[in-house]
Amino acid sequence: MFFFTGYHLTNIIGFLVLVAVLVLLNEITRRSKAASVIMYVVVPVVLLVLIAMGVVGSPSSKTWFGTVKTISALMGVWGFLLIRHTKLGDTKFAMYFPVAILGINIAEAVYRDIEVFMTYKTMTVDEAGLTLLGGYWNLFNAAAGVLLLLTMTGWVGIRVAKTRSRDMVWPDQLWFWIVAYDLWNAAYCYNCISTRAMYAGIALLLSCTLAEAFLQRGVWLQHRAQTLALFGMFSLAVDYRAMDAFSIEATYDPHAWGVLSVAAFLFNLGVFVYMLRTMKKTGRKPYTGELFVENEGYRKNLQANGLN
């Protein structure tokens with residue numbers, strides 16, 4: 001295969017099971033506040049104790065990056081829970097916190113792409129066991145990330161759904177931005193954590209995108225934070241890369257790196273141009289109001305969450 005190799009029945013099943021479990025746990029915790037508190041507050045504390053005692057743990061649990069990434073995902077979930085289930089949902093925190101935490105995470109990845117470009121001039125296995133090679137693909141994907149930041153429109157319209165699950169809704173965050181994010185993040189994972197890209201990248205992106213498309217639309221960022229936190233805890237507790245069920249590998253082909261990153265850049269450029277055209281046509285401003293209010297997807301997001 002062009003991007004990944006080493007497929008066999010066991011690891012294909014392992015990939016599908018991982019995606020299914022992430023989607024299922026995300027849906028259970030989305031629907032239940034009690035389940036959310038158990039999974040995202042109690043379980044991390046227990047996991048921290050077990051890792052400290054040496055009962056469980058993976059190589060990721062011994063690095064600052066894996067631990068910090070999981071904590072940042074959990075912080076996102078905690079903030080979203082506060083927005084959904086406390087009076088903070090009626091304050092400006094509900095607008096500023098989600099876009100800030102998403103923007104910071106994208107900016108961090110943009111920085112890392114540039115760092116890999118500048119640092120790894122030949123293919124190298126770093127201290128974390130990641131195979132890295134800097135090239136033009138890093139610059140294309142960093143540019144895609146900047147465009148992604150610029151196209152985060154309508155965040156002032158983030159609100160809580162009038163449904164039993166009280167989801168955090170971002171109506172202006174439509175399918176084309178989600179696809180742009182998926183391509184960019186898949187390229188980032190392939191460029192910067194290629195050894196784990198099939199699972200930390202493709203499986204994770206697939207799980208939150210499936211949840212958005214088929215279970216509850218308009219709440220992609222909430223899906224993303226929860227599935228990322230779930231996977232982060234799993235990766236700290238279990239050395240999944242040592243298992244045959246999770247053995248699909250990147251090809252480490254510079255052509256594959258290039259194709260994915262250029263595709264991410266071009267799609268993000270298209271979304272940026274579409275944003276500019278919509279601004280010109282409607283006179284709406286993307287950062288002080290909602291931009292795509294005439295879009296059918298926007299209206300469906302409101303309707304699905306009892307906000308129309």
# chains A, B, ... in the order shown; residues from 1 in each chain; ligands from 1
call {"tool": "select_by_dssp", "arguments": {"residues": "range 59-308 of chain A", "states": "helix (DSSP H, G or I)", "output": "ChimeraX atom specification"}}
result
/A:59-62,64-85,87-90,93-119,136-150,155-157,175-192,194-214,220-237,240-242,244-246,254-282,296-304
call {"tool": "residues_around", "arguments": {"residues": "range 64-66 of chain A", "least_positions_apart": "6", "cutoff": "9 Å", "atoms": "only C-alpha atoms", "output": "PyMOL selection string"}}
result
chain A and resi 232+235-236
call {"tool": "write_last_selection", "arguments": {"atoms": "N, CA, C and O atoms", "output": "PDB file, in the first residue's frame"}}
result
ATOM      1  N   GLY A 232      -5.909   8.589  24.437  1.00  0.00           N
ATOM      2  CA  GLY A 232      -4.730   8.977  25.205  1.00  0.00           C
ATOM      3  C   GLY A 232      -4.563   8.128  26.450  1.00  0.00           C
ATOM      4  O   GLY A 232      -3.456   7.668  26.759  1.00  0.00           O
ATOM      5  N   SER A 235      -3.454   4.661  25.413  1.00  0.00           N
ATOM      6  CA  SER A 235      -2.057   4.592  24.984  1.00  0.00           C
ATOM      7  C   SER A 235      -1.073   4.738  26.135  1.00  0.00           C
ATOM      8  O   SER A 235       0.061   4.247  26.055  1.00  0.00           O
ATOM      9  N   LEU A 236      -1.491   5.416  27.216  1.00  0.00           N
ATOM     10  CA  LEU A 236      -0.628   5.501  28.400  1.00  0.00           C
ATOM     11  C   LEU A 236      -0.628   4.194  29.189  1.00  0.00           C
ATOM     12  O   LEU A 236       0.390   3.812  29.774  1.00  0.00           O
TER      13      LEU A 236
END
call {"tool": "closest_residue", "arguments": {"among": "A:Leu266, A:Cys208, A:Ile12, A:Val99", "to": "Leu150 in chain A", "atoms": "only C-alpha atoms"}}
result
A:Val99
call {"tool": "closest_residue", "arguments": {"among": "A:Trp170, A:Tyr188, A:Tyr252, A:Phe234", "to": "Leu221 in chain A", "atoms": "only C-alpha atoms"}}
result
A:Trp170
call {"tool": "residues_around", "arguments": {"residues": "Asp244 in chain A", "least_positions_apart": "2", "cutoff": "8 Å", "atoms": "only C-alpha atoms", "output": "number ranges by chain"}}
result
A: 10-11, 241-242, 246-247
call {"tool": "write_last_selection", "arguments": {"atoms": "N, CA, C and O atoms", "output": "PDB file, in the first residue's frame"}}
result
ATOM      1  N   THR A  10      -5.733 -10.000  11.398  1.00  0.00           N
ATOM      2  CA  THR A  10      -5.748  -9.674  12.825  1.00  0.00           C
ATOM      3  C   THR A  10      -5.663  -8.169  13.059  1.00  0.00           C
ATOM      4  O   THR A  10      -6.417  -7.612  13.858  1.00  0.00           O
ATOM      5  N   ASN A  11      -4.744  -7.488  12.373  1.00  0.00           N
ATOM      6  CA  ASN A  11      -4.620  -6.056  12.645  1.00  0.00           C
ATOM      7  C   ASN A  11      -5.705  -5.226  11.958  1.00  0.00           C
ATOM      8  O   ASN A  11      -6.000  -4.116  12.406  1.00  0.00           O
ATOM      9  N   ARG A 241       1.390  -0.804  20.591  1.00  0.00           N
ATOM     10  CA  ARG A 241       2.230  -1.004  19.410  1.00  0.00           C
ATOM     11  C   ARG A 241       3.013  -2.309  19.468  1.00  0.00           C
ATOM     12  O   ARG A 241       3.535  -2.761  18.439  1.00  0.00           O
ATOM     13  N   ALA A 242       3.083  -2.912  20.653  1.00  0.00           N
ATOM     14  CA  ALA A 242       3.764  -4.195  20.774  1.00  0.00           C
ATOM     15  C   ALA A 242       2.839  -5.364  20.456  1.00  0.00           C
ATOM     16  O   ALA A 242       3.277  -6.515  20.433  1.00  0.00           O
ATOM     17  N   PHE A 246      -2.260  -4.404  16.525  1.00  0.00           N
ATOM     18  CA  PHE A 246      -2.049  -2.991  16.212  1.00  0.00           C
ATOM     19  C   PHE A 246      -0.690  -2.806  15.533  1.00  0.00           C
ATOM     20  O   PHE A 246       0.113  -1.975  15.941  1.00  0.00           O
ATOM     21  N   SER A 247      -0.462  -3.568  14.488  1.00  0.00           N
ATOM     22  CA  SER A 247       0.875  -3.623  13.882  1.00  0.00           C
ATOM     23  C   SER A 247       0.951  -3.027  12.479  1.00  0.00           C
ATOM     24  O   SER A 247       1.946  -3.212  11.785  1.00  0.00           O
TER      25      SER A 247
END
call {"tool": "atom_distance", "arguments": {"atom1": "CA of Asn191 in chain A", "atom2": "CA of Trp257 in chain A"}}
result
6.5 Å
call {"tool": "closest_residue", "arguments": {"among": "A:Leu81, A:Ala128, A:Leu22, A:Ile28", "to": "Ala203 in chain A", "atoms": "only C-alpha atoms"}}
result
A:Leu22
call {"tool": "residues_around", "arguments": {"residues": "Ala35 in chain A", "least_positions_apart": "6", "cutoff": "12 Å", "atoms": "only C-alpha atoms", "output": "PDB file with all heavy atoms, in the first residue's frame"}}
result
ATOM      1  N   LEU A  25     -17.794   4.306  23.371  1.00  0.00           N
ATOM      2  CA  LEU A  25     -17.545   4.982  24.649  1.00  0.00           C
ATOM      3  C   LEU A  25     -17.839   6.474  24.557  1.00  0.00           C
ATOM      4  O   LEU A  25     -18.361   7.077  25.503  1.00  0.00           O
ATOM      5  CB  LEU A  25     -16.099   4.750  25.093  1.00  0.00           C
ATOM      6  CG  LEU A  25     -15.758   3.330  25.542  1.00  0.00           C
ATOM      7  CD1 LEU A  25     -14.272   3.216  25.891  1.00  0.00           C
ATOM      8  CD2 LEU A  25     -16.602   2.905  26.742  1.00  0.00           C
ATOM      9  N   ASN A  26     -17.511   7.070  23.425  1.00  0.00           N
ATOM     10  CA  ASN A  26     -17.841   8.479  23.220  1.00  0.00           C
ATOM     11  C   ASN A  26     -19.349   8.695  23.290  1.00  0.00           C
ATOM     12  O   ASN A  26     -19.825   9.660  23.908  1.00  0.00           O
ATOM     13  CB  ASN A  26     -17.309   8.938  21.861  1.00  0.00           C
ATOM     14  CG  ASN A  26     -17.794  10.327  21.495  1.00  0.00           C
ATOM     15  OD1 ASN A  26     -17.388  11.324  22.087  1.00  0.00           O
ATOM     16  ND2 ASN A  26     -18.680  10.412  20.505  1.00  0.00           N
ATOM     17  N   GLU A  27     -20.106   7.806  22.676  1.00  0.00           N
ATOM     18  CA  GLU A  27     -21.560   7.963  22.662  1.00  0.00           C
ATOM     19  C   GLU A  27     -22.167   7.745  24.047  1.00  0.00           C
ATOM     20  O   GLU A  27     -23.071   8.476  24.459  1.00  0.00           O
ATOM     21  CB  GLU A  27     -22.175   6.986  21.646  1.00  0.00           C
ATOM     22  CG  GLU A  27     -23.663   7.143  21.437  1.00  0.00           C
ATOM     23  CD  GLU A  27     -24.069   8.472  20.830  1.00  0.00           C
ATOM     24  OE1 GLU A  27     -23.182   9.257  20.416  1.00  0.00           O
ATOM     25  OE2 GLU A  27     -25.286   8.740  20.761  1.00  0.00           O
ATOM     26  N   ILE A  28     -21.660   6.761  24.775  1.00  0.00           N
ATOM     27  CA  ILE A  28     -22.166   6.509  26.132  1.00  0.00           C
ATOM     28  C   ILE A  28     -21.913   7.717  27.028  1.00  0.00           C
ATOM     29  O   ILE A  28     -22.800   8.183  27.742  1.00  0.00           O
ATOM     30  CB  ILE A  28     -21.501   5.247  26.729  1.00  0.00           C
ATOM     31  CG1 ILE A  28     -21.993   3.995  25.995  1.00  0.00           C
ATOM     32  CG2 ILE A  28     -21.804   5.137  28.230  1.00  0.00           C
ATOM     33  CD1 ILE A  28     -21.238   2.737  26.368  1.00  0.00           C
ATOM     34  N   THR A  29     -20.693   8.246  26.972  1.00  0.00           N
ATOM     35  CA  THR A  29     -20.361   9.382  27.839  1.00  0.00           C
ATOM     36  C   THR A  29     -21.008  10.676  27.354  1.00  0.00           C
ATOM     37  O   THR A  29     -21.249  11.585  28.155  1.00  0.00           O
ATOM     38  CB  THR A  29     -18.838   9.561  27.946  1.00  0.00           C
ATOM     39  OG1 THR A  29     -18.267   9.656  26.631  1.00  0.00           O
ATOM     40  CG2 THR A  29     -18.207   8.376  28.665  1.00  0.00           C
ATOM     41  N   VAL A  41     -12.961  11.744  34.744  1.00  0.00           N
ATOM     42  CA  VAL A  41     -12.447  12.309  35.999  1.00  0.00           C
ATOM     43  C   VAL A  41     -11.923  11.194  36.903  1.00  0.00           C
ATOM     44  O   VAL A  41     -10.758  11.229  37.338  1.00  0.00           O
ATOM     45  CB  VAL A  41     -13.535  13.123  36.737  1.00  0.00           C
ATOM     46  CG1 VAL A  41     -12.971  13.685  38.037  1.00  0.00           C
ATOM     47  CG2 VAL A  41     -14.060  14.260  35.845  1.00  0.00           C
ATOM     48  N   VAL A  42     -12.740  10.186  37.164  1.00  0.00           N
ATOM     49  CA  VAL A  42     -12.341   9.106  38.078  1.00  0.00           C
ATOM     50  C   VAL A  42     -11.281   8.204  37.445  1.00  0.00           C
ATOM     51  O   VAL A  42     -10.233   7.936  38.052  1.00  0.00           O
ATOM     52  CB  VAL A  42     -13.574   8.280  38.506  1.00  0.00           C
ATOM     53  CG1 VAL A  42     -13.130   7.116  39.398  1.00  0.00           C
ATOM     54  CG2 VAL A  42     -14.590   9.148  39.220  1.00  0.00           C
ATOM     55  N   VAL A  43     -11.536   7.742  36.226  1.00  0.00           N
ATOM     56  CA  VAL A  43     -10.600   6.821  35.567  1.00  0.00           C
ATOM     57  C   VAL A  43      -9.198   7.428  35.412  1.00  0.00           C
ATOM     58  O   VAL A  43      -8.198   6.741  35.693  1.00  0.00           O
ATOM     59  CB  VAL A  43     -11.158   6.364  34.202  1.00  0.00           C
ATOM     60  CG1 VAL A  43     -10.090   5.614  33.400  1.00  0.00           C
ATOM     61  CG2 VAL A  43     -12.379   5.469  34.400  1.00  0.00           C
ATOM     62  N   LEU A  81     -17.461  19.837  29.596  1.00  0.00           N
ATOM     63  CA  LEU A  81     -18.446  19.370  30.575  1.00  0.00           C
ATOM     64  C   LEU A  81     -18.967  20.531  31.417  1.00  0.00           C
ATOM     65  O   LEU A  81     -20.164  20.605  31.731  1.00  0.00           O
ATOM     66  CB  LEU A  81     -17.831  18.292  31.475  1.00  0.00           C
ATOM     67  CG  LEU A  81     -17.651  16.903  30.855  1.00  0.00           C
ATOM     68  CD1 LEU A  81     -16.870  15.992  31.804  1.00  0.00           C
ATOM     69  CD2 LEU A  81     -19.003  16.273  30.523  1.00  0.00           C
ATOM     70  N   SER A 165     -28.986  15.397  26.264  1.00  0.00           N
ATOM     71  CA  SER A 165     -27.537  15.223  26.439  1.00  0.00           C
ATOM     72  C   SER A 165     -26.792  16.543  26.603  1.00  0.00           C
ATOM     73  O   SER A 165     -25.619  16.543  26.972  1.00  0.00           O
ATOM     74  CB  SER A 165     -26.953  14.457  25.251  1.00  0.00           C
ATOM     75  OG  SER A 165     -27.248  15.127  24.042  1.00  0.00           O
TER      76      SER A 165
END
call {"tool": "decode", "arguments": {"residues": "range 243-255 of chain A", "atoms": "all heavy atoms", "output": "PDB file, in the first residue's frame"}}
result
ATOM      1  N   MET A 243       1.569  -5.068  20.204  1.00  0.00           N
ATOM      2  CA  MET A 243       0.570  -6.107  19.938  1.00  0.00           C
ATOM      3  C   MET A 243       0.402  -6.333  18.441  1.00  0.00           C
ATOM      4  O   MET A 243       0.394  -5.385  17.657  1.00  0.00           O
ATOM      5  CB  MET A 243      -0.778  -5.712  20.542  1.00  0.00           C
ATOM      6  CG  MET A 243      -0.769  -5.487  22.033  1.00  0.00           C
ATOM      7  SD  MET A 243      -2.421  -4.989  22.599  1.00  0.00           S
ATOM      8  CE  MET A 243      -2.095  -4.757  24.355  1.00  0.00           C
ATOM      9  N   ASP A 244       0.226  -7.577  18.058  1.00  0.00           N
ATOM     10  CA  ASP A 244       0.036  -7.910  16.658  1.00  0.00           C
ATOM     11  C   ASP A 244      -1.241  -7.285  16.097  1.00  0.00           C
ATOM     12  O   ASP A 244      -1.326  -6.981  14.906  1.00  0.00           O
ATOM     13  CB  ASP A 244      -0.008  -9.434  16.482  1.00  0.00           C
ATOM     14  CG  ASP A 244       0.031  -9.847  15.022  1.00  0.00           C
ATOM     15  OD1 ASP A 244       0.889  -9.331  14.277  1.00  0.00           O
ATOM     16  OD2 ASP A 244      -0.800 -10.675  14.620  1.00  0.00           O
ATOM     17  N   ALA A 245      -2.234  -7.087  16.970  1.00  0.00           N
ATOM     18  CA  ALA A 245      -3.507  -6.508  16.529  1.00  0.00           C
ATOM     19  C   ALA A 245      -3.378  -5.041  16.149  1.00  0.00           C
ATOM     20  O   ALA A 245      -4.286  -4.479  15.519  1.00  0.00           O
ATOM     21  CB  ALA A 245      -4.555  -6.664  17.630  1.00  0.00           C
ATOM     22  N   PHE A 246      -2.260  -4.404  16.525  1.00  0.00           N
ATOM     23  CA  PHE A 246      -2.049  -2.991  16.212  1.00  0.00           C
ATOM     24  C   PHE A 246      -0.690  -2.806  15.533  1.00  0.00           C
ATOM     25  O   PHE A 246       0.113  -1.975  15.941  1.00  0.00           O
ATOM     26  CB  PHE A 246      -2.129  -2.156  17.491  1.00  0.00           C
ATOM     27  CG  PHE A 246      -3.439  -2.270  18.214  1.00  0.00           C
ATOM     28  CD1 PHE A 246      -3.546  -3.051  19.355  1.00  0.00           C
ATOM     29  CD2 PHE A 246      -4.569  -1.628  17.743  1.00  0.00           C
ATOM     30  CE1 PHE A 246      -4.752  -3.174  20.020  1.00  0.00           C
ATOM     31  CE2 PHE A 246      -5.784  -1.743  18.401  1.00  0.00           C
ATOM     32  CZ  PHE A 246      -5.878  -2.515  19.542  1.00  0.00           C
ATOM     33  N   SER A 247      -0.462  -3.568  14.488  1.00  0.00           N
ATOM     34  CA  SER A 247       0.875  -3.623  13.882  1.00  0.00           C
ATOM     35  C   SER A 247       0.951  -3.027  12.479  1.00  0.00           C
ATOM     36  O   SER A 247       1.946  -3.212  11.785  1.00  0.00           O
ATOM     37  CB  SER A 247       1.354  -5.083  13.833  1.00  0.00           C
ATOM     38  OG  SER A 247       0.427  -5.887  13.113  1.00  0.00           O
ATOM     39  N   ILE A 248      -0.084  -2.321  12.044  1.00  0.00           N
ATOM     40  CA  ILE A 248      -0.026  -1.679  10.729  1.00  0.00           C
ATOM     41  C   ILE A 248       0.984  -0.538  10.790  1.00  0.00           C
ATOM     42  O   ILE A 248       0.943   0.305  11.680  1.00  0.00           O
ATOM     43  CB  ILE A 248      -1.413  -1.151  10.308  1.00  0.00           C
ATOM     44  CG1 ILE A 248      -2.402  -2.310  10.214  1.00  0.00           C
ATOM     45  CG2 ILE A 248      -1.323  -0.424   8.971  1.00  0.00           C
ATOM     46  CD1 ILE A 248      -3.827  -1.885   9.972  1.00  0.00           C
ATOM     47  N   GLU A 249       1.894  -0.502   9.826  1.00  0.00           N
ATOM     48  CA  GLU A 249       3.002   0.454   9.845  1.00  0.00           C
ATOM     49  C   GLU A 249       2.899   1.442   8.686  1.00  0.00           C
ATOM     50  O   GLU A 249       2.364   1.124   7.615  1.00  0.00           O
ATOM     51  CB  GLU A 249       4.340  -0.291   9.719  1.00  0.00           C
ATOM     52  CG  GLU A 249       4.668  -1.192  10.891  1.00  0.00           C
ATOM     53  CD  GLU A 249       5.243  -0.428  12.075  1.00  0.00           C
ATOM     54  OE1 GLU A 249       5.484   0.797  11.927  1.00  0.00           O
ATOM     55  OE2 GLU A 249       5.458  -1.058  13.119  1.00  0.00           O
ATOM     56  N   ALA A 250       3.429   2.636   8.880  1.00  0.00           N
ATOM     57  CA  ALA A 250       3.592   3.581   7.787  1.00  0.00           C
ATOM     58  C   ALA A 250       4.670   3.070   6.839  1.00  0.00           C
ATOM     59  O   ALA A 250       5.572   2.322   7.233  1.00  0.00           O
ATOM     60  CB  ALA A 250       3.980   4.956   8.332  1.00  0.00           C
ATOM     61  N   THR A 251       4.582   3.459   5.572  1.00  0.00           N
ATOM     62  CA  THR A 251       5.580   3.022   4.593  1.00  0.00           C
ATOM     63  C   THR A 251       6.869   3.837   4.670  1.00  0.00           C
ATOM     64  O   THR A 251       7.891   3.414   4.132  1.00  0.00           O
ATOM     65  CB  THR A 251       5.022   3.154   3.161  1.00  0.00           C
ATOM     66  OG1 THR A 251       4.642   4.513   2.920  1.00  0.00           O
ATOM     67  CG2 THR A 251       3.814   2.242   2.968  1.00  0.00           C
ATOM     68  N   TYR A 252       6.804   5.006   5.311  1.00  0.00           N
ATOM     69  CA  TYR A 252       7.958   5.916   5.386  1.00  0.00           C
ATOM     70  C   TYR A 252       8.479   6.271   3.991  1.00  0.00           C
ATOM     71  O   TYR A 252       9.676   6.405   3.765  1.00  0.00           O
ATOM     72  CB  TYR A 252       9.083   5.313   6.238  1.00  0.00           C
ATOM     73  CG  TYR A 252       8.620   4.829   7.582  1.00  0.00           C
ATOM     74  CD1 TYR A 252       8.695   3.484   7.930  1.00  0.00           C
ATOM     75  CD2 TYR A 252       8.071   5.716   8.510  1.00  0.00           C
ATOM     76  CE1 TYR A 252       8.236   3.036   9.169  1.00  0.00           C
ATOM     77  CE2 TYR A 252       7.617   5.276   9.739  1.00  0.00           C
ATOM     78  CZ  TYR A 252       7.702   3.929  10.069  1.00  0.00           C
ATOM     79  OH  TYR A 252       7.255   3.494  11.280  1.00  0.00           O
ATOM     80  N   ASP A 253       7.549   6.439   3.072  1.00  0.00           N
ATOM     81  CA  ASP A 253       7.869   6.793   1.698  1.00  0.00           C
ATOM     82  C   ASP A 253       7.742   8.312   1.545  1.00  0.00           C
ATOM     83  O   ASP A 253       6.648   8.860   1.740  1.00  0.00           O
ATOM     84  CB  ASP A 253       6.905   6.082   0.753  1.00  0.00           C
ATOM     85  CG  ASP A 253       7.194   6.361  -0.715  1.00  0.00           C
ATOM     86  OD1 ASP A 253       7.974   7.287  -1.014  1.00  0.00           O
ATOM     87  OD2 ASP A 253       6.618   5.659  -1.564  1.00  0.00           O
ATOM     88  N   PRO A 254       8.809   9.012   1.200  1.00  0.00           N
ATOM     89  CA  PRO A 254       8.716  10.474   1.043  1.00  0.00           C
ATOM     90  C   PRO A 254       7.622  10.907   0.063  1.00  0.00           C
ATOM     91  O   PRO A 254       7.021  11.973   0.236  1.00  0.00           O
ATOM     92  CB  PRO A 254      10.111  10.860   0.532  1.00  0.00           C
ATOM     93  CG  PRO A 254      11.004   9.794   1.076  1.00  0.00           C
ATOM     94  CD  PRO A 254      10.188   8.527   1.045  1.00  0.00           C
ATOM     95  N   HIS A 255       7.352  10.098  -0.950  1.00  0.00           N
ATOM     96  CA  HIS A 255       6.282  10.431  -1.887  1.00  0.00           C
ATOM     97  C   HIS A 255       4.922  10.421  -1.180  1.00  0.00           C
ATOM     98  O   HIS A 255       4.059  11.260  -1.457  1.00  0.00           O
ATOM     99  CB  HIS A 255       6.276   9.452  -3.064  1.00  0.00           C
ATOM    100  CG  HIS A 255       7.506   9.528  -3.917  1.00  0.00           C
ATOM    101  ND1 HIS A 255       8.561   8.664  -3.767  1.00  0.00           N
ATOM    102  CD2 HIS A 255       7.860  10.380  -4.902  1.00  0.00           C
ATOM    103  CE1 HIS A 255       9.506   8.961  -4.637  1.00  0.00           C
ATOM    104  NE2 HIS A 255       9.116  10.005  -5.338  1.00  0.00           N
TER     105      HIS A 255
END
